[in-house]
Amino acid sequence: MTRAVRWFSCRRSRFSSQLAVWRSLLALACLVTLSACGGSESPPVPPAPSVSNGTLTGRVIASDGTGGIPNATVAVGSARTSSGSDGSYTLSVPPADRTVVRVEASGFAENLRLARVTAGQTTPLTIQLVRAGVAQTVSRASGGTVTLPNSTASLVLPANGLLPQTGGTPAADVTVSLTPITVAGTTNEMPGDFTTATGGGIAQIESFGALLVDIRDTNNATYGLASGSTATIRIPVSTRSSAVLPTTIPLYYLDLATGRWVEDGQATLGGSASDRFYEGVVSRIAYWNADLVMETIVVSGCVRNNSGQPVDGALVESEGIDYSGSSQVFTAPDGSFQIPIRKNGKATIAALVNGQLTNTVTAGPSGTNVAVNDCLTTTTSTGLSIKLTWGASPADVDSHLFIPNGDHVFFGAKGALAALPFASLDVDDRDSFGPEVVTITQLMQGTYTYAVHNFSGTFTPGLTESPTRVELNQNGQITVFTPPSGEGTKPWWDVFTIVVDAQCQVSVTPVNTWLDQAPASPAGTPAFCTVN
């Protein structure tokens, strides 16, 4: 139950009690002076207070870049809706600082996201779903071992150890799917957030791999472990950290009601090289995560709009560069924020304001609290952001943005946000995983081309198998691009074009072509969009 609903229930109960007392006193007065009471009529009852909802809106999309997911169920408590043909949805929900949004779609692993919903306002929320792992049929009576092809993920189930979570007669056979979450690539696929409740409050956690276990029968009823039964789980290692992996690590399951992770047991490191995993015994069927509680420092900063005014309530998010974790806070009325990152770690920090992104900065590594020198600044309404991530290899992958006036933004010419070309490589990475972030604060009319270069020139794996991802953020709406087949030894991936017409209407067209050399750079006289 949300804070707003609890307040409503308490106020309504208190009001009802007061109203009953008032009616009794009035009835007694009527006995004394009947004529003054207008006969036996009851007094008018004031209307009950109402709670104004807020609105969640966005798209449900596939994390592999295949686009919007239709007919996905988006639910907040009892409020729910289905996504349209392009994955778009709109849902009216009660206001809350921490709204838990559950999303399911056929063929995909369930995801759970968090949002702040404000009464009378719209909150943009794009939700990415990971395709469910290959399903395997298991006899409930005999149990067995479920494995995922080309992965170390596995689950050993006991005989007669499963029961339907909603009760009823169990089926003879069930279908088990295992879906690993590759937190080394992106944190957007991780359900909930990277927090856990401890005796001292809320703590940040760092993930070393996560896995969803989902068990259903032919009627789509979900199954859990019977009381006293346990299963053995293997979670593939996935981390951006280059440090030595811990030999034992706590296990956490996702609390679907709160969106936080709950510690329950531990796992032991096994396997070797790229086939490492954490194995442990679990007592429930759920999302499982191998995590360490992080020691953190605080990064202080501020957010301003493009007119230089402080922004209250902006969502500020950090994402680890050399660790797999993220954190979120909201700015104070003066635009200031304090956000945790891992001690001696390095992270990116950016903010989202009513669908508009700020530029991205890096913070750390540091053993003590630090401050961001300049305020994060929102783009105009025509601005956008492009984030590139990949795996451990190739080590060095580069972003390239070709501007309509002939400018070229890349590591050798990082551009500028407040002057030509009004685009900048905010974050450059040369040590695996990324991210590299390009921000455009003001669009020119004409055609932009965005391409990715395999600077390392290694192809075992190349960009396709790394895996490489590009996320384009337009006013809070995210589009994911992943490499097509046919890479071979071609080092350039021409990803998409952005066409800005004379009325500043923006259209994005996937190109998805492999090239031996950089795409051609346009050249022309800049004409700027002046929409604020």
# chains A, B, ... in the order shown; residues from 1 in each chain; ligands from 1
>>> residues_around(residues="A:Gly209", least_positions_apart="2", cutoff="7 Å", atoms="only C-alpha atoms", output="list in words")
Ile181, Thr182, Val183, Ser207, Ile235, Pro236, Val237, Ser238, Thr239, Asn289 and Ala290 of chain A
>>> select_by_dssp(residues="stretch 306-457 of chain A", states="strand (DSSP E)", output="PDB file with N, CA and C atoms, in the first residue's frame")
ATOM      1  N   LEU A 315      15.584  13.435 -11.533  1.00  0.00           N
ATOM      2  CA  LEU A 315      16.107  12.100 -11.248  1.00  0.00           C
ATOM      3  C   LEU A 315      17.579  12.048 -11.644  1.00  0.00           C
ATOM      4  N   VAL A 316      18.450  11.828 -10.664  1.00  0.00           N
ATOM      5  CA  VAL A 316      19.887  11.729 -10.907  1.00  0.00           C
ATOM      6  C   VAL A 316      20.287  10.261 -10.752  1.00  0.00           C
ATOM      7  N   GLU A 317      21.033   9.743 -11.718  1.00  0.00           N
ATOM      8  CA  GLU A 317      21.399   8.329 -11.685  1.00  0.00           C
ATOM      9  C   GLU A 317      22.896   8.165 -11.922  1.00  0.00           C
ATOM     10  N   SER A 318      23.492   7.294 -11.116  1.00  0.00           N
ATOM     11  CA  SER A 318      24.887   6.903 -11.334  1.00  0.00           C
ATOM     12  C   SER A 318      24.910   5.496 -11.911  1.00  0.00           C
ATOM     13  N   GLU A 319      25.936   5.189 -12.686  1.00  0.00           N
ATOM     14  CA  GLU A 319      26.150   3.831 -13.199  1.00  0.00           C
ATOM     15  C   GLU A 319      27.632   3.528 -13.152  1.00  0.00           C
ATOM     16  N   GLY A 320      27.976   2.400 -12.546  1.00  0.00           N
ATOM     17  CA  GLY A 320      29.376   2.048 -12.397  1.00  0.00           C
ATOM     18  C   GLY A 320      30.073   1.827 -13.723  1.00  0.00           C
ATOM     19  N   SER A 326      24.273   0.637  -9.758  1.00  0.00           N
ATOM     20  CA  SER A 326      23.787   1.979 -10.028  1.00  0.00           C
ATOM     21  C   SER A 326      23.055   2.491  -8.803  1.00  0.00           C
ATOM     22  N   SER A 327      22.792   3.792  -8.770  1.00  0.00           N
ATOM     23  CA  SER A 327      22.044   4.399  -7.674  1.00  0.00           C
ATOM     24  C   SER A 327      21.245   5.567  -8.221  1.00  0.00           C
ATOM     25  N   GLN A 328      20.158   5.928  -7.526  1.00  0.00           N
ATOM     26  CA  GLN A 328      19.285   7.011  -7.963  1.00  0.00           C
ATOM     27  C   GLN A 328      18.914   7.887  -6.768  1.00  0.00           C
ATOM     28  N   VAL A 329      18.897   9.196  -7.011  1.00  0.00           N
ATOM     29  CA  VAL A 329      18.409  10.167  -6.028  1.00  0.00           C
ATOM     30  C   VAL A 329      17.661  11.253  -6.782  1.00  0.00           C
ATOM     31  N   PHE A 330      16.973  12.133  -6.031  1.00  0.00           N
ATOM     32  CA  PHE A 330      16.271  13.264  -6.623  1.00  0.00           C
ATOM     33  C   PHE A 330      16.856  14.565  -6.070  1.00  0.00           C
ATOM     34  N   SER A 336      20.355  20.839  -5.878  1.00  0.00           N
ATOM     35  CA  SER A 336      21.516  20.079  -5.419  1.00  0.00           C
ATOM     36  C   SER A 336      21.179  18.601  -5.249  1.00  0.00           C
ATOM     37  N   PHE A 337      22.209  17.760  -5.287  1.00  0.00           N
ATOM     38  CA  PHE A 337      22.023  16.333  -5.039  1.00  0.00           C
ATOM     39  C   PHE A 337      23.274  15.760  -4.386  1.00  0.00           C
ATOM     40  N   GLN A 338      23.082  14.623  -3.724  1.00  0.00           N
ATOM     41  CA  GLN A 338      24.170  13.823  -3.162  1.00  0.00           C
ATOM     42  C   GLN A 338      23.865  12.372  -3.486  1.00  0.00           C
ATOM     43  N   ILE A 339      24.735  11.742  -4.253  1.00  0.00           N
ATOM     44  CA  ILE A 339      24.464  10.392  -4.733  1.00  0.00           C
ATOM     45  C   ILE A 339      25.626   9.461  -4.389  1.00  0.00           C
ATOM     46  N   PRO A 340      25.327   8.229  -3.935  1.00  0.00           N
ATOM     47  CA  PRO A 340      26.424   7.316  -3.587  1.00  0.00           C
ATOM     48  C   PRO A 340      26.982   6.591  -4.802  1.00  0.00           C
ATOM     49  N   ILE A 341      28.299   6.376  -4.798  1.00  0.00           N
ATOM     50  CA  ILE A 341      28.952   5.487  -5.744  1.00  0.00           C
ATOM     51  C   ILE A 341      29.929   4.632  -4.949  1.00  0.00           C
ATOM     52  N   ARG A 342      30.474   3.606  -5.554  1.00  0.00           N
ATOM     53  CA  ARG A 342      31.392   2.725  -4.834  1.00  0.00           C
ATOM     54  C   ARG A 342      32.672   3.458  -4.462  1.00  0.00           C
ATOM     55  N   ALA A 347      32.285   6.063 -11.850  1.00  0.00           N
ATOM     56  CA  ALA A 347      30.896   5.977 -12.306  1.00  0.00           C
ATOM     57  C   ALA A 347      30.549   7.163 -13.188  1.00  0.00           C
ATOM     58  N   THR A 348      29.528   6.969 -14.029  1.00  0.00           N
ATOM     59  CA  THR A 348      28.934   8.078 -14.764  1.00  0.00           C
ATOM     60  C   THR A 348      27.754   8.614 -13.958  1.00  0.00           C
ATOM     61  N   ILE A 349      27.470   9.914 -14.135  1.00  0.00           N
ATOM     62  CA  ILE A 349      26.336  10.540 -13.457  1.00  0.00           C
ATOM     63  C   ILE A 349      25.622  11.433 -14.466  1.00  0.00           C
ATOM     64  N   ALA A 350      24.295  11.259 -14.559  1.00  0.00           N
ATOM     65  CA  ALA A 350      23.463  12.081 -15.441  1.00  0.00           C
ATOM     66  C   ALA A 350      22.111  12.246 -14.785  1.00  0.00           C
ATOM     67  N   ALA A 351      21.305  13.183 -15.292  1.00  0.00           N
ATOM     68  CA  ALA A 351      19.989  13.448 -14.714  1.00  0.00           C
ATOM     69  C   ALA A 351      18.938  13.489 -15.804  1.00  0.00           C
ATOM     70  N   LEU A 352      17.688  13.207 -15.394  1.00  0.00           N
ATOM     71  CA  LEU A 352      16.539  13.255 -16.289  1.00  0.00           C
ATOM     72  C   LEU A 352      15.519  14.208 -15.695  1.00  0.00           C
ATOM     73  N   VAL A 353      15.088  15.200 -16.503  1.00  0.00           N
ATOM     74  CA  VAL A 353      14.159  16.227 -16.045  1.00  0.00           C
ATOM     75  C   VAL A 353      12.985  16.302 -17.008  1.00  0.00           C
ATOM     76  N   GLN A 356      13.746  15.264 -20.352  1.00  0.00           N
ATOM     77  CA  GLN A 356      14.951  15.834 -20.945  1.00  0.00           C
ATOM     78  C   GLN A 356      16.183  15.374 -20.170  1.00  0.00           C
ATOM     79  N   LEU A 357      17.200  14.932 -20.909  1.00  0.00           N
ATOM     80  CA  LEU A 357      18.440  14.487 -20.299  1.00  0.00           C
ATOM     81  C   LEU A 357      19.397  15.651 -20.095  1.00  0.00           C
ATOM     82  N   VAL A 361      28.560  13.155 -16.742  1.00  0.00           N
ATOM     83  CA  VAL A 361      29.900  13.390 -16.214  1.00  0.00           C
ATOM     84  C   VAL A 361      30.384  12.104 -15.546  1.00  0.00           C
ATOM     85  N   THR A 362      31.684  12.047 -15.289  1.00  0.00           N
ATOM     86  CA  THR A 362      32.256  10.918 -14.555  1.00  0.00           C
ATOM     87  C   THR A 362      32.718  11.390 -13.185  1.00  0.00           C
ATOM     88  N   ALA A 363      32.681  10.477 -12.229  1.00  0.00           N
ATOM     89  CA  ALA A 363      33.146  10.766 -10.873  1.00  0.00           C
ATOM     90  C   ALA A 363      33.977   9.591 -10.378  1.00  0.00           C
ATOM     91  N   VAL A 370      33.367  13.452  -2.947  1.00  0.00           N
ATOM     92  CA  VAL A 370      33.834  14.367  -3.982  1.00  0.00           C
ATOM     93  C   VAL A 370      32.665  15.207  -4.468  1.00  0.00           C
ATOM     94  N   ALA A 371      32.982  16.262  -5.225  1.00  0.00           N
ATOM     95  CA  ALA A 371      31.959  17.139  -5.797  1.00  0.00           C
ATOM     96  C   ALA A 371      32.175  17.264  -7.294  1.00  0.00           C
ATOM     97  N   LEU A 376      25.154  19.739 -13.764  1.00  0.00           N
ATOM     98  CA  LEU A 376      24.561  19.057 -14.903  1.00  0.00           C
ATOM     99  C   LEU A 376      23.512  19.977 -15.509  1.00  0.00           C
ATOM    100  N   THR A 377      23.453  20.034 -16.836  1.00  0.00           N
ATOM    101  CA  THR A 377      22.561  20.982 -17.505  1.00  0.00           C
ATOM    102  C   THR A 377      21.679  20.255 -18.502  1.00  0.00           C
ATOM    103  N   LEU A 384      19.295  15.138 -27.328  1.00  0.00           N
ATOM    104  CA  LEU A 384      19.224  13.693 -27.102  1.00  0.00           C
ATOM    105  C   LEU A 384      20.579  13.169 -26.650  1.00  0.00           C
ATOM    106  N   SER A 385      20.588  11.893 -26.270  1.00  0.00           N
ATOM    107  CA  SER A 385      21.798  11.268 -25.751  1.00  0.00           C
ATOM    108  C   SER A 385      21.963   9.887 -26.364  1.00  0.00           C
ATOM    109  N   ILE A 386      23.218   9.473 -26.581  1.00  0.00           N
ATOM    110  CA  ILE A 386      23.526   8.174 -27.174  1.00  0.00           C
ATOM    111  C   ILE A 386      24.550   7.483 -26.275  1.00  0.00           C
ATOM    112  N   LYS A 387      24.210   6.276 -25.786  1.00  0.00           N
ATOM    113  CA  LYS A 387      25.128   5.545 -24.900  1.00  0.00           C
ATOM    114  C   LYS A 387      25.548   4.238 -25.550  1.00  0.00           C
ATOM    115  N   LEU A 388      26.855   4.003 -25.607  1.00  0.00           N
ATOM    116  CA  LEU A 388      27.442   2.796 -26.177  1.00  0.00           C
ATOM    117  C   LEU A 388      28.038   1.950 -25.053  1.00  0.00           C
ATOM    118  N   THR A 389      27.669   0.662 -25.003  1.00  0.00           N
ATOM    119  CA  THR A 389      28.283  -0.282 -24.072  1.00  0.00           C
ATOM    120  C   THR A 389      28.641  -1.553 -24.827  1.00  0.00           C
ATOM    121  N   VAL A 397      36.370   0.310 -27.965  1.00  0.00           N
ATOM    122  CA  VAL A 397      35.332   0.539 -28.967  1.00  0.00           C
ATOM    123  C   VAL A 397      34.947   2.009 -28.891  1.00  0.00           C
ATOM    124  N   ASP A 398      34.775   2.671 -30.040  1.00  0.00           N
ATOM    125  CA  ASP A 398      34.600   4.124 -30.047  1.00  0.00           C
ATOM    126  C   ASP A 398      33.285   4.557 -30.693  1.00  0.00           C
ATOM    127  N   SER A 399      32.713   5.650 -30.141  1.00  0.00           N
ATOM    128  CA  SER A 399      31.550   6.322 -30.703  1.00  0.00           C
ATOM    129  C   SER A 399      31.994   7.387 -31.702  1.00  0.00           C
ATOM    130  N   HIS A 400      31.254   7.508 -32.800  1.00  0.00           N
ATOM    131  CA  HIS A 400      31.520   8.545 -33.791  1.00  0.00           C
ATOM    132  C   HIS A 400      30.195   9.169 -34.214  1.00  0.00           C
ATOM    133  N   LEU A 401      30.092  10.489 -34.078  1.00  0.00           N
ATOM    134  CA  LEU A 401      28.906  11.209 -34.520  1.00  0.00           C
ATOM    135  C   LEU A 401      29.303  12.194 -35.609  1.00  0.00           C
ATOM    136  N   PHE A 402      28.706  12.047 -36.795  1.00  0.00           N
ATOM    137  CA  PHE A 402      28.978  12.922 -37.922  1.00  0.00           C
ATOM    138  C   PHE A 402      27.843  13.946 -38.005  1.00  0.00           C
ATOM    139  N   HIS A 408      32.838  16.386 -36.830  1.00  0.00           N
ATOM    140  CA  HIS A 408      32.933  14.973 -36.486  1.00  0.00           C
ATOM    141  C   HIS A 408      33.294  14.883 -35.008  1.00  0.00           C
ATOM    142  N   VAL A 409      32.386  14.341 -34.186  1.00  0.00           N
ATOM    143  CA  VAL A 409      32.615  14.220 -32.746  1.00  0.00           C
ATOM    144  C   VAL A 409      33.077  12.798 -32.442  1.00  0.00           C
ATOM    145  N   GLY A 415      34.171  17.804 -29.194  1.00  0.00           N
ATOM    146  CA  GLY A 415      33.058  18.721 -29.413  1.00  0.00           C
ATOM    147  C   GLY A 415      32.796  19.626 -28.225  1.00  0.00           C
ATOM    148  N   ALA A 416      31.624  20.260 -28.211  1.00  0.00           N
ATOM    149  CA  ALA A 416      31.243  21.197 -27.152  1.00  0.00           C
ATOM    150  C   ALA A 416      29.729  21.208 -27.046  1.00  0.00           C
ATOM    151  N   ALA A 423      27.336  19.390 -29.565  1.00  0.00           N
ATOM    152  CA  ALA A 423      27.364  17.941 -29.333  1.00  0.00           C
ATOM    153  C   ALA A 423      28.730  17.604 -28.758  1.00  0.00           C
ATOM    154  N   SER A 424      28.751  16.625 -27.846  1.00  0.00           N
ATOM    155  CA  SER A 424      30.004  16.322 -27.171  1.00  0.00           C
ATOM    156  C   SER A 424      30.090  14.851 -26.813  1.00  0.00           C
ATOM    157  N   LEU A 425      31.315  14.309 -26.913  1.00  0.00           N
ATOM    158  CA  LEU A 425      31.596  13.002 -26.339  1.00  0.00           C
ATOM    159  C   LEU A 425      31.863  13.221 -24.854  1.00  0.00           C
ATOM    160  N   ASP A 426      30.823  13.081 -24.038  1.00  0.00           N
ATOM    161  CA  ASP A 426      30.944  13.356 -22.605  1.00  0.00           C
ATOM    162  C   ASP A 426      31.850  12.360 -21.909  1.00  0.00           C
ATOM    163  N   VAL A 427      31.733  11.079 -22.302  1.00  0.00           N
ATOM    164  CA  VAL A 427      32.472  10.005 -21.639  1.00  0.00           C
ATOM    165  C   VAL A 427      33.157   9.159 -22.700  1.00  0.00           C
ATOM    166  N   GLU A 436      30.420   4.745 -23.423  1.00  0.00           N
ATOM    167  CA  GLU A 436      30.770   5.994 -24.075  1.00  0.00           C
ATOM    168  C   GLU A 436      29.452   6.729 -24.301  1.00  0.00           C
ATOM    169  N   VAL A 437      29.424   8.015 -23.976  1.00  0.00           N
ATOM    170  CA  VAL A 437      28.178   8.779 -24.030  1.00  0.00           C
ATOM    171  C   VAL A 437      28.370  10.024 -24.886  1.00  0.00           C
ATOM    172  N   VAL A 438      27.504  10.187 -25.880  1.00  0.00           N
ATOM    173  CA  VAL A 438      27.465  11.390 -26.708  1.00  0.00           C
ATOM    174  C   VAL A 438      26.174  12.140 -26.385  1.00  0.00           C
ATOM    175  N   THR A 439      26.285  13.430 -26.092  1.00  0.00           N
ATOM    176  CA  THR A 439      25.121  14.266 -25.825  1.00  0.00           C
ATOM    177  C   THR A 439      25.002  15.339 -26.896  1.00  0.00           C
ATOM    178  N   ILE A 440      23.790  15.544 -27.397  1.00  0.00           N
ATOM    179  CA  ILE A 440      23.497  16.641 -28.331  1.00  0.00           C
ATOM    180  C   ILE A 440      22.563  17.603 -27.610  1.00  0.00           C
ATOM    181  N   GLY A 446      19.217  18.850 -40.969  1.00  0.00           N
ATOM    182  CA  GLY A 446      20.085  18.027 -41.806  1.00  0.00           C
ATOM    183  C   GLY A 446      20.164  16.614 -41.266  1.00  0.00           C
ATOM    184  N   THR A 447      21.216  15.891 -41.662  1.00  0.00           N
ATOM    185  CA  THR A 447      21.347  14.476 -41.310  1.00  0.00           C
ATOM    186  C   THR A 447      22.572  14.238 -40.434  1.00  0.00           C
ATOM    187  N   TYR A 448      22.330  13.624 -39.280  1.00  0.00           N
ATOM    188  CA  TYR A 448      23.401  13.126 -38.413  1.00  0.00           C
ATOM    189  C   TYR A 448      23.586  11.644 -38.714  1.00  0.00           C
ATOM    190  N   THR A 449      24.832  11.176 -38.622  1.00  0.00           N
ATOM    191  CA  THR A 449      25.132   9.755 -38.737  1.00  0.00           C
ATOM    192  C   THR A 449      25.891   9.312 -37.500  1.00  0.00           C
ATOM    193  N   TYR A 450      25.413   8.230 -36.868  1.00  0.00           N
ATOM    194  CA  TYR A 450      26.108   7.690 -35.695  1.00  0.00           C
ATOM    195  C   TYR A 450      26.665   6.315 -36.056  1.00  0.00           C
ATOM    196  N   ALA A 451      27.961   6.116 -35.786  1.00  0.00           N
ATOM    197  CA  ALA A 451      28.630   4.854 -36.106  1.00  0.00           C
ATOM    198  C   ALA A 451      29.530   4.435 -34.950  1.00  0.00           C
ATOM    199  N   VAL A 452      29.819   3.141 -34.906  1.00  0.00           N
ATOM    200  CA  VAL A 452      30.672   2.543 -33.875  1.00  0.00           C
ATOM    201  C   VAL A 452      31.885   1.920 -34.559  1.00  0.00           C
ATOM    202  N   HIS A 453      33.076   2.182 -33.983  1.00  0.00           N
ATOM    203  CA  HIS A 453      34.328   1.689 -34.567  1.00  0.00           C
ATOM    204  C   HIS A 453      35.000   0.714 -33.614  1.00  0.00           C
ATOM    205  N   ASN A 454      35.327  -0.467 -34.102  1.00  0.00           N
ATOM    206  CA  ASN A 454      36.115  -1.436 -33.349  1.00  0.00           C
ATOM    207  C   ASN A 454      37.572  -1.016 -33.437  1.00  0.00           C
TER     208      ASN A 454
END
>>> closest_residue(among="A:Gly476, A:Gly355, A:Gly67, A:Gly383", to="A:Gln505", atoms="only C-alpha atoms")
A:Gly383
>>> closest_residue(among="A:Thr186, A:Gln474, A:Ser142, A:Ser83", to="A:Gly391", atoms="only C-alpha atoms")
A:Thr186
>>> closest_residue(among="A:Leu155, A:Val146, A:Pro191, A:Arg98", to="A:Glu110", atoms="only C-alpha atoms")
A:Pro191
>>> atom_distance(atom1="atom CA of A:Gly77", atom2="atom CA of A:Glu189")
21.4 Å
>>> residues_around(residues="stretch 102-107 of chain A", least_positions_apart="5", cutoff="8 Å", atoms="only C-alpha atoms", output="list in words")
Ile69, Asn71, Ala72, Thr73, Val74, Ala75, Val76, Leu112, Arg113, Ile127, Arg131 and Ala132 of chain A
>>> atom_distance(atom1="atom CA of A:Ser521", atom2="atom CA of A:Gly406")
6.0 Å
>>> atom_distance(atom1="atom CA of A:Ala119", atom2="atom CA of A:Arg80")
17.6 Å
>>> residues_around(residues="stretch 523-527 of chain A", least_positions_apart="5", cutoff="8 Å", atoms="only C-alpha atoms", output="PDB file with N, CA, C and O atoms, in the first residue's frame")
ATOM      1  N   ILE A 403      28.209  15.248 -37.935  1.00  0.00           N
ATOM      2  CA  ILE A 403      27.268  16.355 -37.793  1.00  0.00           C
ATOM      3  C   ILE A 403      26.891  16.899 -39.179  1.00  0.00           C
ATOM      4  O   ILE A 403      27.714  16.870 -40.104  1.00  0.00           O
ATOM      5  N   PRO A 404      25.665  17.432 -39.344  1.00  0.00           N
ATOM      6  CA  PRO A 404      25.251  17.933 -40.664  1.00  0.00           C
ATOM      7  C   PRO A 404      26.165  18.996 -41.264  1.00  0.00           C
ATOM      8  O   PRO A 404      26.263  19.102 -42.496  1.00  0.00           O
ATOM      9  N   ASN A 405      26.851  19.792 -40.422  1.00  0.00           N
ATOM     10  CA  ASN A 405      27.715  20.844 -40.974  1.00  0.00           C
ATOM     11  C   ASN A 405      29.112  20.347 -41.313  1.00  0.00           C
ATOM     12  O   ASN A 405      29.974  21.131 -41.704  1.00  0.00           O
ATOM     13  N   GLY A 406      29.365  19.036 -41.147  1.00  0.00           N
ATOM     14  CA  GLY A 406      30.674  18.484 -41.479  1.00  0.00           C
ATOM     15  C   GLY A 406      31.549  18.207 -40.271  1.00  0.00           C
ATOM     16  O   GLY A 406      32.600  17.564 -40.406  1.00  0.00           O
ATOM     17  N   ASP A 407      31.163  18.672 -39.078  1.00  0.00           N
ATOM     18  CA  ASP A 407      31.934  18.356 -37.878  1.00  0.00           C
ATOM     19  C   ASP A 407      31.829  16.861 -37.559  1.00  0.00           C
ATOM     20  O   ASP A 407      30.871  16.187 -37.929  1.00  0.00           O
ATOM     21  N   MET A 444      20.872  20.512 -35.318  1.00  0.00           N
ATOM     22  CA  MET A 444      20.907  21.232 -36.593  1.00  0.00           C
ATOM     23  C   MET A 444      19.946  20.557 -37.566  1.00  0.00           C
ATOM     24  O   MET A 444      19.686  19.363 -37.466  1.00  0.00           O
ATOM     25  N   GLN A 445      19.463  21.339 -38.511  1.00  0.00           N
ATOM     26  CA  GLN A 445      18.692  20.747 -39.593  1.00  0.00           C
ATOM     27  C   GLN A 445      19.652  20.011 -40.522  1.00  0.00           C
ATOM     28  O   GLN A 445      20.760  20.469 -40.790  1.00  0.00           O
TER      29      GLN A 445
END
>>> residues_around(residues="A:Cys529", least_positions_apart="3", cutoff="9 Å", atoms="only C-alpha atoms", output="ChimeraX atom specification")
/A:382,442-445,500,502-504,532
>>> residues_around(residues="A:Asn150", least_positions_apart="6", cutoff="12 Å", atoms="only C-alpha atoms", output="ChimeraX atom specification")
/A:133-134,180,236,274-275
>>> residues_around(residues="A:Leu212", least_positions_apart="2", cutoff="6 Å", atoms="only C-alpha atoms", output="PDB file with all heavy atoms, in the first residue's frame")
ATOM      1  N   LEU A 178      15.399 -20.546 -17.454  1.00  0.00           N
ATOM      2  CA  LEU A 178      16.473 -19.839 -16.755  1.00  0.00           C
ATOM      3  C   LEU A 178      16.912 -18.674 -17.634  1.00  0.00           C
ATOM      4  O   LEU A 178      17.240 -18.871 -18.804  1.00  0.00           O
ATOM      5  CB  LEU A 178      17.658 -20.772 -16.492  1.00  0.00           C
ATOM      6  CG  LEU A 178      17.365 -22.084 -15.772  1.00  0.00           C
ATOM      7  CD1 LEU A 178      18.644 -22.902 -15.644  1.00  0.00           C
ATOM      8  CD2 LEU A 178      16.765 -21.823 -14.403  1.00  0.00           C
ATOM      9  N   THR A 179      16.923 -17.463 -17.065  1.00  0.00           N
ATOM     10  CA  THR A 179      17.297 -16.278 -17.840  1.00  0.00           C
ATOM     11  C   THR A 179      18.392 -15.516 -17.108  1.00  0.00           C
ATOM     12  O   THR A 179      18.140 -14.852 -16.102  1.00  0.00           O
ATOM     13  CB  THR A 179      16.090 -15.350 -18.051  1.00  0.00           C
ATOM     14  OG1 THR A 179      15.010 -16.090 -18.615  1.00  0.00           O
ATOM     15  CG2 THR A 179      16.464 -14.195 -18.959  1.00  0.00           C
ATOM     16  N   TYR A 287      13.976 -14.293  -8.778  1.00  0.00           N
ATOM     17  CA  TYR A 287      15.196 -13.664  -9.280  1.00  0.00           C
ATOM     18  C   TYR A 287      16.257 -13.822  -8.205  1.00  0.00           C
ATOM     19  O   TYR A 287      16.034 -13.465  -7.028  1.00  0.00           O
ATOM     20  CB  TYR A 287      14.971 -12.173  -9.521  1.00  0.00           C
ATOM     21  CG  TYR A 287      14.687 -11.777 -10.949  1.00  0.00           C
ATOM     22  CD1 TYR A 287      13.432 -11.321 -11.324  1.00  0.00           C
ATOM     23  CD2 TYR A 287      15.684 -11.837 -11.920  1.00  0.00           C
ATOM     24  CE1 TYR A 287      13.172 -10.934 -12.639  1.00  0.00           C
ATOM     25  CE2 TYR A 287      15.438 -11.452 -13.228  1.00  0.00           C
ATOM     26  CZ  TYR A 287      14.182 -11.002 -13.579  1.00  0.00           C
ATOM     27  OH  TYR A 287      13.934 -10.620 -14.871  1.00  0.00           O
TER      28      TYR A 287
END
>>> closest_residue(among="A:Asp428, A:Glu206, A:Asp334, A:Asp64", to="A:Met294", atoms="only C-alpha atoms")
A:Glu206
>>> closest_residue(among="A:Phe528, A:Gly488, A:Thr66, A:Asn344", to="A:Thr513", atoms="only C-alpha atoms")
A:Gly488
>>> closest_residue(among="A:Thr152, A:Thr258, A:Thr118, A:Thr378", to="A:Gly192", atoms="only C-alpha atoms")
A:Thr258
>>> decode(residues="stretch 485-502 of chain A", atoms="C-alpha atoms", output="PDB file, in the first residue's frame")
ATOM      1  CA  SER A 485      24.928 -10.386 -38.669  1.00  0.00           C
ATOM      2  CA  GLY A 486      27.673 -10.246 -41.296  1.00  0.00           C
ATOM      3  CA  GLU A 487      30.388  -8.503 -39.254  1.00  0.00           C
ATOM      4  CA  GLY A 488      33.322 -10.639 -40.438  1.00  0.00           C
ATOM      5  CA  THR A 489      36.412  -8.456 -40.010  1.00  0.00           C
ATOM      6  CA  LYS A 490      34.722  -5.158 -40.863  1.00  0.00           C
ATOM      7  CA  PRO A 491      35.608  -2.670 -38.084  1.00  0.00           C
ATOM      8  CA  TRP A 492      32.794  -0.125 -38.632  1.00  0.00           C
ATOM      9  CA  TRP A 493      29.147  -0.515 -37.666  1.00  0.00           C
ATOM     10  CA  ASP A 494      27.005   2.228 -39.239  1.00  0.00           C
ATOM     11  CA  VAL A 495      24.174   2.274 -36.672  1.00  0.00           C
ATOM     12  CA  PHE A 496      21.534   4.920 -37.516  1.00  0.00           C
ATOM     13  CA  THR A 497      20.836   8.353 -38.984  1.00  0.00           C
ATOM     14  CA  ILE A 498      18.970  11.239 -37.376  1.00  0.00           C
ATOM     15  CA  VAL A 499      17.198  13.472 -39.899  1.00  0.00           C
ATOM     16  CA  VAL A 500      16.057  16.921 -38.733  1.00  0.00           C
ATOM     17  CA  ASP A 501      13.739  18.679 -41.188  1.00  0.00           C
ATOM     18  CA  ALA A 502      13.068  22.417 -41.646  1.00  0.00           C
TER      19      ALA A 502
END
